[in-house]
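Enquirer: Provided below: query_4.tsv, containing TSV, C-alpha atoms.
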chain	number	residue	atom	x	y	z
A	1	MET	CA	-19.50	13.65	-24.30
A	2	GLY	CA	-21.63	16.50	-23.09
A	3	ASP	CA	-24.71	17.87	-24.73
A	4	PRO	CA	-25.25	21.59	-25.55
A	5	VAL	CA	-28.82	21.20	-24.28
A	6	ASP	CA	-27.35	20.39	-20.86
A	7	VAL	CA	-25.69	23.81	-20.81
A	8	GLU	CA	-29.02	25.46	-21.65
A	9	ALA	CA	-30.76	23.58	-18.84
A	10	VAL	CA	-28.05	24.58	-16.36
A	11	PHE	CA	-28.34	28.18	-17.60
A	12	ARG	CA	-32.07	28.27	-16.89
A	13	ALA	CA	-31.64	26.68	-13.48
A	14	GLU	CA	-28.44	28.32	-12.24
A	15	TYR	CA	-27.91	31.66	-14.00
A	16	GLY	CA	-29.65	33.70	-11.32
A	17	ARG	CA	-27.84	31.92	-8.50
A	18	ALA	CA	-24.44	32.42	-10.17
A	19	VAL	CA	-25.05	36.13	-10.77
A	20	ALA	CA	-26.29	36.54	-7.19
A	21	VAL	CA	-23.19	34.90	-5.73
A	22	LEU	CA	-20.87	37.04	-7.87
A	23	VAL	CA	-22.78	40.25	-7.06
A	24	ARG	CA	-22.29	39.56	-3.37
A	25	ARG	CA	-18.57	38.92	-3.83
A	26	LEU	CA	-17.96	41.76	-6.31
A	27	GLY	CA	-20.47	44.43	-5.39
A	28	ASP	CA	-20.73	45.13	-9.15
A	29	ILE	CA	-23.77	43.91	-11.09
A	30	ASP	CA	-22.33	44.52	-14.57
A	31	LEU	CA	-19.07	42.71	-13.83
A	32	ALA	CA	-20.95	39.81	-12.23
A	33	GLU	CA	-23.23	39.47	-15.26
A	34	GLU	CA	-20.36	39.58	-17.74
A	35	ALA	CA	-18.33	37.02	-15.78
A	36	VAL	CA	-21.25	34.57	-15.57
A	37	GLN	CA	-22.03	34.98	-19.27
A	38	GLU	CA	-18.38	34.27	-20.12
A	39	ALA	CA	-18.47	31.18	-17.89
A	40	PHE	CA	-21.51	29.80	-19.75
A	41	ALA	CA	-19.86	30.58	-23.10
A	42	THR	CA	-16.85	28.57	-21.92
A	43	ALA	CA	-19.16	25.73	-20.86
A	44	LEU	CA	-20.72	25.64	-24.33
A	45	ARG	CA	-17.26	25.13	-25.80
A	46	SER	CA	-15.78	22.75	-23.25
A	47	TRP	CA	-18.58	20.53	-21.89
A	48	PRO	CA	-19.27	18.79	-25.22
A	49	VAL	CA	-15.59	17.77	-25.17
A	50	THR	CA	-14.87	17.18	-21.47
A	51	GLY	CA	-18.34	16.13	-20.37
A	52	ARG	CA	-20.68	17.78	-17.90
A	53	PRO	CA	-18.91	18.38	-14.56
A	54	PRO	CA	-20.21	16.69	-11.39
A	55	SER	CA	-21.36	20.06	-10.01
A	56	PRO	CA	-22.35	22.24	-12.98
A	57	ALA	CA	-23.42	25.18	-10.78
A	58	GLY	CA	-20.18	25.10	-8.82
A	59	TRP	CA	-18.19	24.92	-12.07
A	60	ILE	CA	-19.99	27.96	-13.47
A	61	ILE	CA	-19.52	30.01	-10.29
A	62	THR	CA	-15.82	29.12	-9.99
A	63	THR	CA	-15.18	29.83	-13.67
A	64	ALA	CA	-17.07	33.12	-13.47
A	65	ARG	CA	-15.09	34.15	-10.41
A	66	ASN	CA	-11.84	33.40	-12.25
A	67	ARG	CA	-13.01	35.45	-15.26
A	68	ALA	CA	-13.87	38.34	-12.96
A	69	VAL	CA	-10.42	38.19	-11.36
A	70	ASP	CA	-8.77	38.19	-14.80
A	71	ARG	CA	-10.91	41.15	-15.89
A	72	LEU	CA	-10.05	43.19	-12.79
A	73	ARG	CA	-6.33	42.52	-13.17
A	74	ARG	CA	-6.35	43.31	-16.88
A	75	GLU	CA	-8.26	46.55	-16.65
A	76	ALA	CA	-5.81	48.28	-14.33
A	77	GLY	CA	-2.67	47.62	-12.39
A	78	ARG	CA	-3.74	49.78	-9.50
A	79	ASP	CA	-3.50	48.42	-6.00
A	80	ALA	CA	-7.26	48.89	-5.53
A	81	ARG	CA	-8.06	46.58	-8.43
A	82	HIS	CA	-5.63	43.93	-7.17
A	83	ALA	CA	-7.19	44.23	-3.74
A	84	GLU	CA	-10.63	43.78	-5.32
A	85	ALA	CA	-9.41	40.66	-7.12
A	86	ALA	CA	-7.87	39.32	-3.91
A	87	ARG	CA	-11.19	39.85	-2.13
A	88	LEU	CA	-12.83	37.34	-4.47
A	89	TYR	CA	-10.58	34.63	-3.06
A	90	ALA	CA	-11.06	35.68	0.54
A	91	PRO	CA	-12.95	33.34	2.87
A	92	GLU	CA	-16.74	33.55	2.76
A	93	PRO	CA	-18.13	36.29	5.04
A	94	PRO	CA	-20.16	35.22	8.07
A	95	ALA	CA	-23.69	34.10	7.36
A	96	GLU	CA	-26.19	36.96	7.29
A	97	GLU	CA	-28.54	36.99	10.25
A	98	GLY	CA	-32.20	37.43	9.44
A	99	PRO	CA	-35.18	35.64	7.93
A	100	VAL	CA	-33.37	34.40	4.80
A	101	ARG	CA	-29.76	34.04	3.74
A	102	ASP	CA	-29.90	32.95	0.10
A	103	ASP	CA	-28.00	35.08	-2.41
A	104	ARG	CA	-30.83	34.88	-4.94
A	105	LEU	CA	-33.27	36.38	-2.45
A	106	ARG	CA	-30.87	39.23	-1.77
A	107	LEU	CA	-30.73	39.86	-5.50
A	108	ILE	CA	-34.53	39.71	-5.88
A	109	PHE	CA	-34.99	42.28	-3.12
A	110	THR	CA	-32.29	44.46	-4.70
A	111	CYS	CA	-33.99	44.30	-8.10
A	112	CYS	CA	-37.36	45.12	-6.53
A	113	HIS	CA	-36.19	47.98	-4.32
A	114	PRO	CA	-38.87	50.71	-4.05
A	115	ALA	CA	-36.34	53.36	-5.13
A	116	LEU	CA	-36.45	51.85	-8.64
A	117	ALA	CA	-39.25	52.52	-11.12
A	118	PRO	CA	-41.75	49.62	-11.36
A	119	GLN	CA	-40.84	48.83	-14.98
A	120	ALA	CA	-37.16	48.78	-14.05
A	121	ARG	CA	-37.85	46.31	-11.24
A	122	VAL	CA	-39.51	43.91	-13.65
A	123	ALA	CA	-36.77	44.24	-16.28
A	124	LEU	CA	-33.93	43.75	-13.77
A	125	THR	CA	-35.62	40.73	-12.20
A	126	LEU	CA	-36.00	39.06	-15.58
A	127	ARG	CA	-32.46	40.00	-16.61
A	128	LEU	CA	-30.55	39.07	-13.48
A	129	LEU	CA	-32.64	36.23	-12.03
A	130	GLY	CA	-34.00	34.76	-15.24
A	131	GLY	CA	-31.13	35.37	-17.61
A	132	LEU	CA	-33.45	36.76	-20.31
A	133	THR	CA	-31.73	38.88	-22.94
A	134	THR	CA	-32.54	42.54	-23.36
A	135	ALA	CA	-34.19	41.71	-26.70
A	136	GLN	CA	-36.42	39.06	-25.09
A	137	ILE	CA	-37.56	41.41	-22.34
A	138	ALA	CA	-38.20	44.21	-24.84
A	139	ARG	CA	-40.36	41.93	-27.01
A	140	ALA	CA	-42.34	40.75	-24.02
A	141	PHE	CA	-43.17	44.31	-22.96
A	142	LEU	CA	-43.67	45.66	-26.47
A	143	VAL	CA	-40.89	48.26	-26.36
A	144	SER	CA	-37.80	48.66	-28.50
A	145	GLU	CA	-34.57	46.96	-27.50
A	146	PRO	CA	-32.72	50.32	-27.07
A	147	THR	CA	-35.52	51.53	-24.77
A	148	MET	CA	-35.27	48.42	-22.62
A	149	ALA	CA	-31.47	48.63	-22.62
A	150	GLN	CA	-31.70	52.20	-21.31
A	151	ARG	CA	-34.06	51.10	-18.52
A	152	LEU	CA	-31.62	48.40	-17.45
A	153	VAL	CA	-28.63	50.75	-17.53
A	154	ARG	CA	-30.49	53.40	-15.53
A	155	ALA	CA	-31.66	50.83	-12.98
A	156	LYS	CA	-28.15	49.49	-12.42
A	157	ALA	CA	-26.80	53.03	-12.14
A	158	LYS	CA	-29.49	53.84	-9.57
A	159	ILE	CA	-28.48	50.82	-7.49
A	160	ARG	CA	-24.83	51.90	-7.66
A	161	ASP	CA	-25.27	55.65	-7.16
A	162	ALA	CA	-27.94	55.40	-4.46
A	163	ARG	CA	-25.96	52.61	-2.78
A	164	ILE	CA	-29.03	50.41	-2.60
A	165	PRO	CA	-28.01	47.61	-0.24
A	166	TYR	CA	-27.66	44.07	-1.50
A	167	ARG	CA	-29.57	42.32	1.27
A	168	VAL	CA	-32.90	40.97	2.42
A	169	PRO	CA	-34.74	43.62	4.49
A	170	ARG	CA	-34.80	43.41	8.26
A	171	ASP	CA	-37.66	41.48	9.86
A	172	ALA	CA	-39.60	44.68	10.62
A	173	ASP	CA	-39.37	45.88	7.00
A	174	LEU	CA	-39.87	42.51	5.32
A	175	PRO	CA	-43.70	42.47	4.93
A	176	ASP	CA	-43.85	45.77	3.03
A	177	ARG	CA	-40.86	44.94	0.85
A	178	LEU	CA	-42.09	41.42	0.20
A	179	ASN	CA	-45.36	42.81	-1.19
A	180	GLY	CA	-43.35	44.70	-3.80
A	181	VAL	CA	-41.44	41.56	-4.78
A	182	LEU	CA	-44.64	39.54	-5.13
A	183	ALA	CA	-46.22	42.32	-7.21
A	184	VAL	CA	-43.29	42.18	-9.65
A	185	VAL	CA	-43.54	38.39	-10.01
A	186	TYR	CA	-47.31	38.60	-10.56
A	187	LEU	CA	-46.88	41.38	-13.12
A	188	ILE	CA	-44.44	39.17	-15.04
A	189	PHE	CA	-46.99	36.34	-14.93
A	190	ASN	CA	-49.88	38.51	-16.12
A	191	GLN	CA	-47.79	39.99	-18.93
A	192	GLY	CA	-46.99	36.46	-20.08
A	193	TYR	CA	-50.58	35.30	-19.77
A	194	GLU	CA	-51.56	37.91	-22.31
A	195	GLY	CA	-49.20	36.52	-24.92
A	196	ASP	CA	-45.79	35.14	-23.96
A	197	PRO	CA	-45.87	31.71	-22.26
A	198	GLY	CA	-42.15	32.04	-21.54
A	199	LEU	CA	-42.85	34.89	-19.12
A	200	CYS	CA	-45.44	32.77	-17.30
A	201	ALA	CA	-42.88	29.99	-16.98
A	202	GLU	CA	-40.35	32.48	-15.61
A	203	ALA	CA	-42.86	33.88	-13.10
A	204	LEU	CA	-43.71	30.37	-11.94
A	205	ARG	CA	-40.00	29.57	-11.57
A	206	LEU	CA	-39.52	32.72	-9.48
A	207	GLY	CA	-42.64	31.86	-7.46
A	208	ARG	CA	-41.32	28.37	-6.74
A	209	LEU	CA	-37.94	29.85	-5.78
A	210	LEU	CA	-39.55	32.29	-3.35
A	211	ALA	CA	-41.72	29.52	-1.88
A	212	GLU	CA	-38.64	27.34	-1.41
A	213	LEU	CA	-36.63	30.13	0.21
A	214	MET	CA	-39.48	31.63	2.28
A	215	PRO	CA	-41.65	28.64	3.27
A	216	ASP	CA	-43.09	30.44	6.30
A	217	GLU	CA	-44.55	33.34	4.26
A	218	PRO	CA	-48.18	32.38	3.43
A	219	GLU	CA	-48.59	35.13	0.83
A	220	VAL	CA	-45.65	33.66	-1.12
A	221	THR	CA	-47.44	30.30	-1.09
A	222	GLY	CA	-50.68	32.05	-2.05
A	223	LEU	CA	-49.15	33.75	-5.07
A	224	LEU	CA	-47.63	30.49	-6.31
A	225	ALA	CA	-51.00	28.75	-5.89
A	226	LEU	CA	-52.78	31.57	-7.73
A	227	MET	CA	-50.39	31.39	-10.70
A	228	LEU	CA	-50.56	27.60	-10.89
A	229	LEU	CA	-54.37	27.56	-10.92
A	230	VAL	CA	-54.61	30.27	-13.58
A	231	GLU	CA	-51.88	28.64	-15.68
A	232	SER	CA	-53.75	25.32	-15.53
A	233	ARG	CA	-56.36	26.77	-17.92
A	234	ARG	CA	-53.92	28.08	-20.55
A	235	ASP	CA	-54.63	25.41	-23.19
A	236	ALA	CA	-58.40	25.90	-22.88
A	237	ARG	CA	-58.29	29.69	-23.34
A	238	ARG	CA	-58.08	29.40	-27.13
A	239	ASP	CA	-60.13	27.33	-29.55
A	240	ALA	CA	-58.79	25.42	-32.55
A	241	HIS	CA	-58.68	28.67	-34.54
A	242	GLY	CA	-56.84	30.63	-31.85
A	243	ALA	CA	-59.91	32.58	-30.74
A	244	LEU	CA	-60.27	33.56	-27.08
A	245	VAL	CA	-62.58	31.32	-25.02
A	246	PRO	CA	-63.86	32.88	-21.75
A	247	LEU	CA	-63.89	30.76	-18.59
A	248	PRO	CA	-67.57	29.64	-18.78
A	249	GLY	CA	-67.13	28.28	-22.30
A	250	GLN	CA	-63.84	26.47	-21.79
A	251	ASP	CA	-63.44	22.74	-22.30
A	252	ARG	CA	-62.55	21.70	-18.76
A	253	GLY	CA	-61.11	18.46	-20.03
A	254	ARG	CA	-58.21	20.55	-21.36
A	255	TRP	CA	-57.36	21.99	-17.95
A	256	ASP	CA	-54.06	20.75	-16.51
A	257	ARG	CA	-55.12	18.58	-13.58
A	258	ALA	CA	-51.58	18.25	-12.19
A	259	LEU	CA	-51.26	22.04	-11.87
A	260	ILE	CA	-54.75	22.22	-10.33
A	261	ALA	CA	-53.90	19.56	-7.74
A	262	GLU	CA	-50.66	21.34	-6.84
A	263	GLY	CA	-52.38	24.73	-6.63
A	264	GLN	CA	-55.28	23.45	-4.53
A	265	ASP	CA	-52.90	21.72	-2.13
A	266	LEU	CA	-51.02	25.00	-1.65
A	267	VAL	CA	-54.31	26.89	-1.09
A	268	ARG	CA	-55.34	24.44	1.63
A	269	ARG	CA	-51.91	24.66	3.21
A	270	CYS	CA	-51.73	28.45	3.44
A	271	LEU	CA	-55.39	29.03	4.37
A	272	ARG	CA	-55.01	26.79	7.41
A	273	ARG	CA	-52.88	29.54	8.97
A	274	GLY	CA	-55.81	31.96	9.25
A	275	ARG	CA	-56.12	35.64	8.29
A	276	PRO	CA	-55.32	35.15	4.62
A	277	GLY	CA	-53.81	37.95	2.54
A	278	PRO	CA	-54.84	39.11	-0.96
A	279	TYR	CA	-52.92	36.49	-2.96
A	280	GLN	CA	-54.24	33.67	-0.79
A	281	ILE	CA	-57.83	34.87	-1.23
A	282	GLN	CA	-57.41	35.24	-5.01
A	283	ALA	CA	-55.94	31.74	-5.11
A	284	ALA	CA	-58.97	30.47	-3.18
A	285	VAL	CA	-61.28	32.05	-5.79
A	286	GLN	CA	-59.41	30.21	-8.55
A	287	ALA	CA	-59.57	26.98	-6.51
A	288	VAL	CA	-63.38	27.28	-6.40
A	289	HIS	CA	-63.47	27.69	-10.19
A	290	SER	CA	-61.18	24.68	-10.65
A	291	ASP	CA	-63.41	22.56	-8.38
A	292	ALA	CA	-66.48	22.98	-10.61
A	293	PRO	CA	-66.94	20.19	-13.19
A	294	THR	CA	-69.06	22.57	-15.30
A	295	ALA	CA	-69.57	26.32	-15.45
A	296	GLU	CA	-73.12	25.88	-14.15
A	297	ALA	CA	-71.82	24.01	-11.09
A	298	THR	CA	-69.57	26.90	-10.00
A	299	ASP	CA	-70.18	27.88	-6.37
A	300	TRP	CA	-70.67	31.60	-7.00
A	301	ARG	CA	-71.89	32.24	-3.46
A	302	GLN	CA	-68.57	31.02	-2.13
A	303	ILE	CA	-66.75	33.18	-4.68
A	304	LEU	CA	-68.81	36.20	-3.62
A	305	ARG	CA	-67.91	35.56	0.03
A	306	LEU	CA	-64.24	35.41	-0.94
A	307	TYR	CA	-64.52	38.71	-2.82
A	308	ASP	CA	-66.18	40.25	0.22
A	309	GLN	CA	-63.14	39.10	2.20
A	310	LEU	CA	-60.75	40.44	-0.45
A	311	THR	CA	-62.57	43.79	-0.43
A	312	ALA	CA	-62.00	44.04	3.31
A	313	VAL	CA	-58.30	43.14	3.03
A	314	ALA	CA	-57.29	44.90	-0.20
A	315	PRO	CA	-60.06	47.14	-1.58
A	316	SER	CA	-59.66	48.47	-5.11
A	317	PRO	CA	-61.91	49.30	-8.08
A	318	VAL	CA	-60.71	46.20	-9.94
A	319	VAL	CA	-61.57	43.97	-6.97
A	320	ALA	CA	-64.99	45.65	-6.86
A	321	LEU	CA	-65.44	44.94	-10.58
A	322	ASN	CA	-64.63	41.26	-10.09
A	323	ARG	CA	-66.98	41.15	-7.12
A	324	ALA	CA	-69.74	42.60	-9.30
A	325	VAL	CA	-69.29	39.70	-11.74
A	326	ALA	CA	-69.97	37.32	-8.85
A	327	VAL	CA	-72.98	39.41	-7.78
A	328	ALA	CA	-74.39	39.03	-11.30
A	329	GLU	CA	-74.27	35.25	-10.94
A	330	VAL	CA	-75.84	35.26	-7.46
A	331	ASP	CA	-78.35	38.16	-7.59
A	332	GLY	CA	-78.68	38.83	-11.32
A	333	PRO	CA	-77.31	41.40	-13.81
A	334	GLY	CA	-79.42	44.33	-12.55
A	335	PRO	CA	-77.84	44.67	-9.09
A	336	ALA	CA	-74.43	43.96	-10.60
A	337	LEU	CA	-74.80	46.76	-13.19
A	338	ALA	CA	-75.61	49.25	-10.45
A	339	LEU	CA	-72.37	48.32	-8.70
A	340	VAL	CA	-70.34	48.50	-11.93
A	341	ASP	CA	-71.72	51.90	-12.93
A	342	ALA	CA	-70.52	53.34	-9.61
A	343	LEU	CA	-66.88	52.36	-10.21
A	344	GLY	CA	-65.72	54.93	-12.74
A	345	LEU	CA	-63.16	52.72	-14.47
A	346	ASP	CA	-63.64	54.38	-17.86
A	347	GLY	CA	-60.03	53.84	-18.93
A	348	TYR	CA	-60.12	50.06	-18.35
A	349	HIS	CA	-61.36	47.92	-21.24
A	350	VAL	CA	-62.51	45.07	-18.98
A	351	PHE	CA	-64.85	47.50	-17.18
A	352	HIS	CA	-66.64	48.26	-20.46
A	353	ALA	CA	-66.67	44.59	-21.46
A	354	VAL	CA	-68.32	43.61	-18.15
A	355	ARG	CA	-70.87	46.43	-18.53
A	356	ALA	CA	-71.60	45.29	-22.09
A	357	ASP	CA	-72.24	41.73	-20.98
A	358	LEU	CA	-74.55	42.84	-18.16
A	359	LEU	CA	-76.49	45.14	-20.52
A	360	ARG	CA	-76.79	42.31	-23.05
A	361	ARG	CA	-78.21	40.04	-20.34
A	362	LEU	CA	-80.69	42.81	-19.43
A	363	ASP	CA	-81.83	42.93	-23.07
A	364	ARG	CA	-80.53	46.45	-23.68
A	365	PRO	CA	-78.66	45.81	-26.96
A	366	ALA	CA	-78.05	49.40	-28.04
A	367	GLU	CA	-76.35	50.27	-24.75
A	368	ALA	CA	-74.48	46.97	-24.82
A	369	ALA	CA	-73.17	47.76	-28.31
A	370	ARG	CA	-71.86	51.12	-27.15
A	371	ALA	CA	-70.14	49.46	-24.19
A	372	TYR	CA	-68.53	46.83	-26.44
A	373	ALA	CA	-67.33	49.61	-28.74
A	374	SER	CA	-65.78	51.42	-25.76
A	375	ALA	CA	-64.04	48.20	-24.71
A	376	LEU	CA	-62.73	47.74	-28.25
A	377	SER	CA	-61.33	51.26	-28.32
A	378	LEU	CA	-59.20	50.48	-25.25
A	379	ALA	CA	-58.24	46.81	-25.74
A	380	GLU	CA	-54.80	46.12	-27.17
A	381	ASN	CA	-54.50	42.33	-27.09
A	382	PRO	CA	-55.47	40.93	-30.54
A	383	ALA	CA	-57.31	37.91	-29.13
A	384	GLU	CA	-59.35	40.08	-26.78
A	385	ARG	CA	-60.15	42.50	-29.61
A	386	ALA	CA	-61.33	39.65	-31.83
A	387	TYR	CA	-63.56	38.34	-29.04
A	388	LEU	CA	-65.08	41.78	-28.40
A	389	GLU	CA	-65.68	42.31	-32.12
A	390	LYS	CA	-67.48	38.98	-32.26
A	391	ARG	CA	-69.69	39.92	-29.31
A	392	LEU	CA	-70.48	43.32	-30.83
A	393	HIS	CA	-71.28	41.72	-34.17
A	394	SER	CA	-73.67	39.27	-32.48
A	395	LEU	CA	-75.75	42.17	-31.14
A	396	HIS	CA	-76.44	43.29	-34.69
A	397	GLY	CA	-77.81	39.91	-35.67
A	398	GLY	CA	-74.55	38.71	-37.29
Output the file's structure in the form of structure tokens.
Expert:
Amino acid sequence: MGDPVDVEAVFRAEYGRAVAVLVRRLGDIDLAEEAVQEAFATALRSWPVTGRPPSPAGWIITTARNRAVDRLRREAGRDARHAEAARLYAPEPPAEEGPVRDDRLRLIFTCCHPALAPQARVALTLRLLGGLTTAQIARAFLVSEPTMAQRLVRAKAKIRDARIPYRVPRDADLPDRLNGVLAVVYLIFNQGYEGDPGLCAEALRLGRLLAELMPDEPEVTGLLALMLLVESRRDARRDAHGALVPLPGQDRGRWDRALIAEGQDLVRRCLRRGRPGPYQIQAAVQAVHSDAPTAEATDWRQILRLYDQLTAVAPSPVVALNRAVAVAEVDGPGPALALVDALGLDGYHVFHAVRADLLRRLDRPAEAARAYASALSLAENPAERAYLEKRLHSLHGG
């Protein structure tokens, strides 16, 4: 007898692959999705009775293809529809020439096409590659389900109407397009790190998939390493009461050593290639943090050198803010505050929180209180707000 949990495990592992294969054969995202969903519904009914098939993924894809053929033949008797159905049983087309040939990668690059709005890229990636429901994606991004449904519908219509190609970009275009794909995966991870562990798990799954399918792309390896090293600290980020614990105060015994070992191995592997990109450098920063047995033992000079390197490769105000934090540890809060004050990130709550901490360390409590209040006015995450309120309260002798 089969087990319904088996179907769920196959769904998580194979949904994206099945949809990708059907999209390539059908050229229709909606029909591919519906056919794969029907195939999994059939599996839920039949596998507990017949047992799990020897090749669950192959069973799902074949069943979905049959459902798609039935749907096309039912909907219309026109020759075009019959021809479309016949095409599903045609021999496989020749292998695509280029850097990668996997259907899932084609689908990832389609979902992350620059013609689509950034939010739509994230939603489509989670929907088509991860199999998340519209309701799950809406909850993760704090929007209503109808709003998210509209984004998905518009994104699919854009792919259809603009005839966005279902393929991996040519070698010459791959670096620029790959950056967009990695940005989407990292955005999913960061969104999950703020509250939904399921999104982090999905981002890590996508990162592993990309690393498997593109082993010669060091930035793919770098992003996976970065996410693993950050994820390794998840359990230590909250205390027993659920309050946020910043990195220096975390119990390092609660860090996941298996994830750290995997992440550090990937960092060493990709940095050996020379000329690291932004994700590789950020992963190296996290590797330095994970090397330190205590907060006091952190090699901040090495972190500052890495941020200098990141500033040269991918300068941004947020990178400069993170570099200033390292400067504070190496040269003191005074020089760091001068750097922070020149950034002009008034709409970013972390900017005000960093300023507040530097002012507190400089024994300027009134200014620090105003900075904490500014951070509070912009922060949305409840755990971050509670932490900032606690810091502000401590300045008033609470």
Enquirer: So which one's closest to Ser377 in chain A, A:Leu105, A:Ala353, A:Ala240, A:Leu210? Using all atoms listed in the file, please.
Expert: A:Ala353
Enquirer: Could you give me the axis-aligned bounding box of range 330-347 of chain A, with 6 Å of padding per side, as centre plus edge lengths in Å to one decimal, as JSON?
Expert:
{"center_x": -69.7, "center_y": 45.1, "center_z": -13.2, "size_x": 31.4, "size_y": 31.7, "size_z": 23.5}
Enquirer: Could you name the residues that touch Tyr372 in chain A at 8 Å or less, counting only C-alpha atoms, but leaving out those on the same chain fewer than 6 positions away, as a list of chain:residue names?
Expert: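 Final neighbour list, sorted by chain and number: A:His352, A:Ala353, A:Ala356, A:Leu388, A:Glu389, A:Arg391, A:Leu392.
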Enquirer: What separation in Å, quoted to one decimal, exists between CA of Val288 in chain A and CA of Tyr307 in chain A?
Expert: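 Taking CA of Val288 in chain A and CA of Tyr307 in chain A, their separation equals 12.0 Å.
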Enquirer: Compare A:Ala320, A:Ala183, A:Cys200, A:Leu124 by their minimum atom-to-atom distance to Ala155 in chain A, counting all atoms listed in the file, and give me the closest one.
Expert: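 Smallest separation from Ala155 in chain A among the options: A:Leu124.
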Enquirer: Pick out the residues sitting within 9 Å of Ala295 in chain A, and hand them over as a list in words; count only C-alpha atoms, and ignore anything fewer than 5 positions along from it in its own chain.
Expert: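 Answer for this query is Leu247, Pro248, Gly249, Gln250 and His289 of chain A.
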Enquirer: Calculated over all atoms listed in the file, which of the candidates A:Arg237, A:Arg273, A:Arg170, A:His349 has the smallest distance to Trp255 in chain A?
Expert: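 Comparing A:Arg237, A:Arg273, A:Arg170, A:His349 against Trp255 in chain A, the winner is A:Arg237.
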Enquirer: Kindly indicate which residue among A:Glu231, A:Asp251, A:Asp173, A:Asp308 lies nearest to Asn190 in chain A, using all atoms listed in the file for the distances.
Expert: A:Glu231
Enquirer: Find, counting all atoms listed in the file, the residue in A:Thr298, A:Ser394, A:Gln280, A:Ser290 that gets nearest to Ala261 in chain A.
Expert: A:Ser290
Enquirer: Pull the neighbourhood of (-46.3, 22.6, -5.8) for me: all residues within 9 Å in file coordinates, counting only C-alpha atoms, as a ChimeraX atom specification.
Expert: /A:208,224-225,228,259,261-263,265-266
